[in-house]
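Working notes, structure below.
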Number of protein chains: 2
Amino acid sequence: MPPYSVLTIVGVGLIGGSIGLAAKKRGLAGRVRGLGRSEVSLDKALARGQIDDKHLEPQDALRDADFVVVCTPVDQIAGQVVRFAALCKPGAILTDAGSTKATIVADVQRALPGHVHFVGSHPLAGSEKRGPEAAEPELFQNRWTVVTPTPQTDAAALAQVERFWEALGSRVKRLAPDEHDRALALTSHVPHLVAAALAAALPADLHDLAATGFRDTTRIAAGDPGLWTAIFEHNRDAVLAALDKVEGRLVAFRQALVERDRNTLEQLLAQAKKVRDALGN
Amino acid sequence: MPPYSVLTIVGVGLIGGSIGLAAKKRGLAGRVRGLGRSEVSLDKALARGQIDDKHLEPQDALRDADFVVVCTPVDQIAGQVVRFAALCKPGAILTDAGSTKATIVADVQRALPGHVHFVGSHPLAGSEKRGPEAAEPELFQNRWTVVTPTPQTDAAALAQVERFWEALGSRVKRLAPDEHDRALALTSHVPHLVAAALAAALPADLHDLAATGFRDTTRIAAGDPGLWTAIFEHNRDAVLAALDKVEGRLVAFRQALVERDRNTLEQLLAQAKKVRDALGN
């Protein structure tokens, strides 16, 4: 018997669709329901076997759900979790897949009805692509998912959410919501800003000269501007602090260049190479 | 009959080894000679079929060469071209594969003996990898090579150098040396600095949280610090100017964040996405 009788996915894009594929491939739920606002996306997810049935009405999708994953843009998650929780049966567990955590978790905890549990999650498995067309069943395999409990989090619900991501192939790490946000500002949000700054600075007549290095460095700048604006708003303070750190390094590079200080320049580059080499491909 | 009787490659690393493989695969030369300082690298190149014979002595490698490509670090190229030119037969053509052009071309033109020709080249086909182990015969296929003639450049030699890169599968673009350097500052050198700044700002305890986006954005920071220090020294002024442009964009992002100006932030991201989407993969 599958661990969940009904798994409901809210938002069937890249992440939601991949959760559906992974859950069905691994026999994680008797039924995978998809809830969304776009019938076109729901139909694509259905046709690709990511969900078993599609719903535009929350009530039908949530009434009998044991486990709910909300995979919508970060500025919609908390409101939906709170609203949808009211439609769930007692003991249901809700989580999300948002790229920011502190605002979402605080907003949910302030208003969550008492008969269900919520645990914040962030699977680090995005890409610049979007939509159910881009979904893959192995998207979470060997990737990290951060879960963000707080002192109020129910221990049994936390354990279930961790098992859920592990069942999809992910490794799981616990961080407090604000620790998560400070970390992601450095590992994801500021890299996005910097990639966007590089891309935007490229004049049209130099496109031919943008080779592999430029393409790699700026790839994430193709991400959806609306989704990313919401991420930056949620994580504004940590992003500004992380931007300071990266700009501090750029100032050091600039100074070494201005002063023709060959040794410092080479040391700065060697230090960066050491970090990048340690990451592997 | 191959177009060149003897092709000599100076420096058999990623670029030199790939030129050898591509030239041999396409029957471009009767004989491909490799000249280097490291017997280990020369032996690897020989074992991989990148060159037909190996030389530690310039004279033996260059005496009968029709075409010479110097694939050494940018701070060595001009001196080697001038020194090796003296060992070449009349009418021999020399080119290079350096990532900077203005300094190299000026230094060569000041001192080149009159019986040979030099044309500066830069195949945009590097990577963060190094050495003959990383060489591939299709490295130049559908990539751009920039050739950098000046008013003193011999027209017939320029045409031959262009045909050489085209024969390896490359598309060729002509730019003045300083135009090349200004362009590459924006498309390659500043992206490298920015990638290095991001990598260096990553603390060790956050390595697990550096996912695909971070890895793509910082991949080039794994490049060789010595090679890149020489590139930055050669192209210092253009790099500083390009860094100003990119930092100007970062300032705009920062201001939009500080002022919680959602519309401007989304517009800046949309502008960057438009450029990145136009580049394709």
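By convention here, the chains of the structure tokens are called A, B, ... in the order presented, each chain's residues are numbered starting at 1, and ligands are numbered starting at 1 in the order presented.
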I'd like a table as JSON lines: residues in chain A with an atom no more than 6 Å from chain B, each row giving the shortest atom pair and its distance in Å to one decimal, only C-alpha atoms counted, sorted by chain and rising residue number.
```
{"residue": "A:Thr187", "atom": "CA", "partner": "B:Ala210", "partner_atom": "CA", "distance": 5.2}
{"residue": "A:Ala196", "atom": "CA", "partner": "B:Ala272", "partner_atom": "CA", "distance": 5.0}
{"residue": "A:Ala197", "atom": "CA", "partner": "B:Arg249", "partner_atom": "CA", "distance": 5.2}
{"residue": "A:Leu198", "atom": "CA", "partner": "B:Val246", "partner_atom": "CA", "distance": 5.9}
{"residue": "A:Ala199", "atom": "CA", "partner": "B:Ala272", "partner_atom": "CA", "distance": 5.2}
{"residue": "A:Ala200", "atom": "CA", "partner": "B:Ala272", "partner_atom": "CA", "distance": 4.4}
{"residue": "A:Ala201", "atom": "CA", "partner": "B:Val246", "partner_atom": "CA", "distance": 5.9}
{"residue": "A:Ala210", "atom": "CA", "partner": "B:Thr187", "partner_atom": "CA", "distance": 5.2}
{"residue": "A:Phe214", "atom": "CA", "partner": "B:Thr187", "partner_atom": "CA", "distance": 5.9}
{"residue": "A:Asp216", "atom": "CA", "partner": "B:Asp216", "partner_atom": "CA", "distance": 5.0}
{"residue": "A:Thr217", "atom": "CA", "partner": "B:Thr217", "partner_atom": "CA", "distance": 3.8}
{"residue": "A:Ala221", "atom": "CA", "partner": "B:Lys273", "partner_atom": "CA", "distance": 5.4}
{"residue": "A:Ala222", "atom": "CA", "partner": "B:Lys273", "partner_atom": "CA", "distance": 4.4}
{"residue": "A:Pro225", "atom": "CA", "partner": "B:Leu269", "partner_atom": "CA", "distance": 5.2}
{"residue": "A:Thr229", "atom": "CA", "partner": "B:Glu266", "partner_atom": "CA", "distance": 5.6}
{"residue": "A:Val246", "atom": "CA", "partner": "B:Ala197", "partner_atom": "CA", "distance": 5.8}
{"residue": "A:Arg249", "atom": "CA", "partner": "B:Ala197", "partner_atom": "CA", "distance": 5.2}
{"residue": "A:Leu250", "atom": "CA", "partner": "B:Ala197", "partner_atom": "CA", "distance": 5.9}
{"residue": "A:Glu266", "atom": "CA", "partner": "B:Pro225", "partner_atom": "CA", "distance": 5.6}
{"residue": "A:Leu269", "atom": "CA", "partner": "B:Pro225", "partner_atom": "CA", "distance": 5.3}
{"residue": "A:Ala270", "atom": "CA", "partner": "B:Pro225", "partner_atom": "CA", "distance": 5.4}
{"residue": "A:Ala272", "atom": "CA", "partner": "B:Ala200", "partner_atom": "CA", "distance": 4.4}
{"residue": "A:Lys273", "atom": "CA", "partner": "B:Ala222", "partner_atom": "CA", "distance": 4.5}
{"residue": "A:Arg276", "atom": "CA", "partner": "B:Ala222", "partner_atom": "CA", "distance": 5.7}
```
Handout entry: Selection: 8 Å around B:Ala23, only C-alpha atoms, excl. self and same-chain fewer than 4 positions, as a list of chain:residue names
Key =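 Here the answer would be B:Ile19, B:Gly27, B:Leu28, B:Ala29, B:Ala167, B:Leu168.
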Selection export as a PDB file, in the first residue's frame, atoms kept: N, CA and C atoms:
```pdb
ATOM      1  N   ILE B  19      43.507  22.010 -32.077  1.00  0.00           N
ATOM      2  CA  ILE B  19      43.884  22.430 -33.437  1.00  0.00           C
ATOM      3  C   ILE B  19      44.547  21.259 -34.158  1.00  0.00           C
ATOM      4  N   GLY B  27      42.639  16.757 -42.803  1.00  0.00           N
ATOM      5  CA  GLY B  27      43.712  16.668 -43.802  1.00  0.00           C
ATOM      6  C   GLY B  27      44.301  18.009 -44.183  1.00  0.00           C
ATOM      7  N   LEU B  28      44.476  18.871 -43.176  1.00  0.00           N
ATOM      8  CA  LEU B  28      44.884  20.250 -43.452  1.00  0.00           C
ATOM      9  C   LEU B  28      46.392  20.393 -43.634  1.00  0.00           C
ATOM     10  N   ALA B  29      47.149  19.430 -43.159  1.00  0.00           N
ATOM     11  CA  ALA B  29      48.608  19.555 -43.214  1.00  0.00           C
ATOM     12  C   ALA B  29      49.243  18.189 -43.435  1.00  0.00           C
ATOM     13  N   ALA B 167      38.643  26.205 -42.100  1.00  0.00           N
ATOM     14  CA  ALA B 167      38.883  24.784 -42.382  1.00  0.00           C
ATOM     15  C   ALA B 167      38.736  23.942 -41.108  1.00  0.00           C
ATOM     16  N   LEU B 168      38.967  24.528 -39.957  1.00  0.00           N
ATOM     17  CA  LEU B 168      38.777  23.798 -38.687  1.00  0.00           C
ATOM     18  C   LEU B 168      37.312  23.792 -38.239  1.00  0.00           C
TER      19      LEU B 168
END
```
Problem - Those of stretch 18-183 of chain B in DSSP strand (DSSP E), formatted as a VMD selection string - result: chain B and resid 29 to 35 53 to 55 67 to 70 93 to 96 117 to 123 144 to 148 171 to 174
Selection from above, C-alpha atoms, as a CSV table (one decimal), in the first residue's frame, can you write it?
```
chain,number,residue,atom,x,y,z
B,29,ALA,CA,48.6,19.6,-43.2
B,30,GLY,CA,51.1,16.9,-44.4
B,31,ARG,CA,52.8,17.0,-41.0
B,32,VAL,CA,51.7,18.5,-37.7
B,33,ARG,CA,54.6,19.4,-35.4
B,34,GLY,CA,54.2,20.1,-31.8
B,35,LEU,CA,56.6,22.5,-30.0
B,53,ASP,CA,56.1,14.7,-33.9
B,54,LYS,CA,57.2,16.5,-30.7
B,55,HIS,CA,59.9,19.2,-30.3
B,67,PHE,CA,51.9,27.8,-40.9
B,68,VAL,CA,52.5,28.3,-37.2
B,69,VAL,CA,49.9,28.7,-34.5
B,70,VAL,CA,51.1,29.9,-31.1
B,93,ILE,CA,52.5,32.7,-41.8
B,94,LEU,CA,52.2,32.9,-38.0
B,95,THR,CA,49.1,33.4,-35.9
B,96,ASP,CA,48.1,32.9,-32.3
B,117,HIS,CA,53.6,37.4,-41.8
B,118,PHE,CA,51.6,37.6,-38.6
B,119,VAL,CA,47.9,37.9,-38.1
B,120,GLY,CA,46.3,37.9,-34.6
B,121,SER,CA,43.6,35.4,-33.9
B,122,HIS,CA,41.3,34.4,-31.0
B,123,PRO,CA,39.1,31.3,-31.4
B,144,TRP,CA,33.5,32.1,-33.8
B,145,THR,CA,37.2,33.0,-34.3
B,146,VAL,CA,38.1,36.7,-34.3
B,147,VAL,CA,41.0,37.7,-36.5
B,148,THR,CA,42.5,41.1,-35.8
B,171,ARG,CA,33.1,31.0,-38.4
B,172,VAL,CA,35.4,34.0,-38.7
B,173,LYS,CA,34.9,37.7,-37.8
B,174,ARG,CA,37.3,40.6,-38.3
```
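Using only C-alpha atoms for every distance, the candidate list B:Ile51, B:Leu87, B:Cys71, B:Ala45 yields B:Ile51 as the residue closest to B:Lys25.
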Exercise for the section: Between atom CA of A:Ile231 and atom CA of A:Pro73, measure the distance and give it in Å to one decimal. Expected result: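 We find that atom CA of A:Ile231 and atom CA of A:Pro73 lie 8.3 Å from each other.
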Handout entry: Between atom CA of B:Ala176 and atom CA of B:Thr153, distance in Å (one decimal)
Key =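 According to the coordinates, atom CA of B:Ala176 and atom CA of B:Thr153 are separated by 11.0 Å.
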Problem - Spatial neighbours of B:Gly11, max dist 6 Å, only C-alpha atoms, sep filter under 5 positions, as a list of chain:residue names - result: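 Contacts, in chain order: B:Gly16, B:Gly36, B:Cys71, B:Thr72.
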Exercise for the section: Enumerate as an MDAnalysis selection string all residues of stretch 1-250 of chain A assigned to helix (DSSP H, G or I) by DSSP on the backbone, naming them with the chain letters and numbers the document uses. Expected result: chainID A and resid 14:25 39:47 58:62 74:85 102:111 132:134 155:167 177:200 204:209 212:222 225:234 236:250
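Restricting the calculation to only C-alpha atoms, the smallest distance between A:Arg48 and any of A:Ala61, A:Val108, A:Met1, A:Ala134 is found for A:Ala134.
In this structure, atom CA of A:Arg130 sits 24.1 Å away from atom CA of A:Ala102.
Minimum distance to A:Gln141 across A:Ala78, A:Gln59, A:Glu166, A:Arg182 (counting only C-alpha atoms) occurs at A:Glu166.
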Practice task
Would you kindly return, as a list in words, each protein, DNA or RNA residue with an atom no farther than 10 Å from any atom of B:Ile104, considering only C-alpha atoms and excluding same-chain residues fewer than 5 positions away?
Solution key: Val74, Asp75, Gln76, Ile77, Ala78, Gly79, Val81, Asp96, Gly98, Ser99, Gln109, Gly120, Pro177 and His234 of chain B
Could you write out that same residue set with C-alpha atoms as a PDB file, in the first residue's frame?
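Written out: part03.pdb:
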```pdb
ATOM      1  CA  VAL B  74      48.927  35.661 -23.524  1.00  0.00           C
ATOM      2  CA  ASP B  75      51.970  37.066 -21.742  1.00  0.00           C
ATOM      3  CA  GLN B  76      54.265  34.732 -23.708  1.00  0.00           C
ATOM      4  CA  ILE B  77      52.769  34.966 -27.186  1.00  0.00           C
ATOM      5  CA  ALA B  78      54.322  38.163 -28.609  1.00  0.00           C
ATOM      6  CA  GLY B  79      57.869  37.312 -27.486  1.00  0.00           C
ATOM      7  CA  VAL B  81      56.124  34.943 -32.202  1.00  0.00           C
ATOM      8  CA  ASP B  96      48.093  32.888 -32.298  1.00  0.00           C
ATOM      9  CA  GLY B  98      45.389  34.408 -27.355  1.00  0.00           C
ATOM     10  CA  SER B  99      42.376  35.816 -25.484  1.00  0.00           C
ATOM     11  CA  GLN B 109      54.301  44.368 -35.227  1.00  0.00           C
ATOM     12  CA  GLY B 120      46.338  37.891 -34.606  1.00  0.00           C
ATOM     13  CA  PRO B 177      42.654  44.473 -31.963  1.00  0.00           C
ATOM     14  CA  HIS B 234      46.821  42.785 -20.901  1.00  0.00           C
TER      15      HIS B 234
END
```
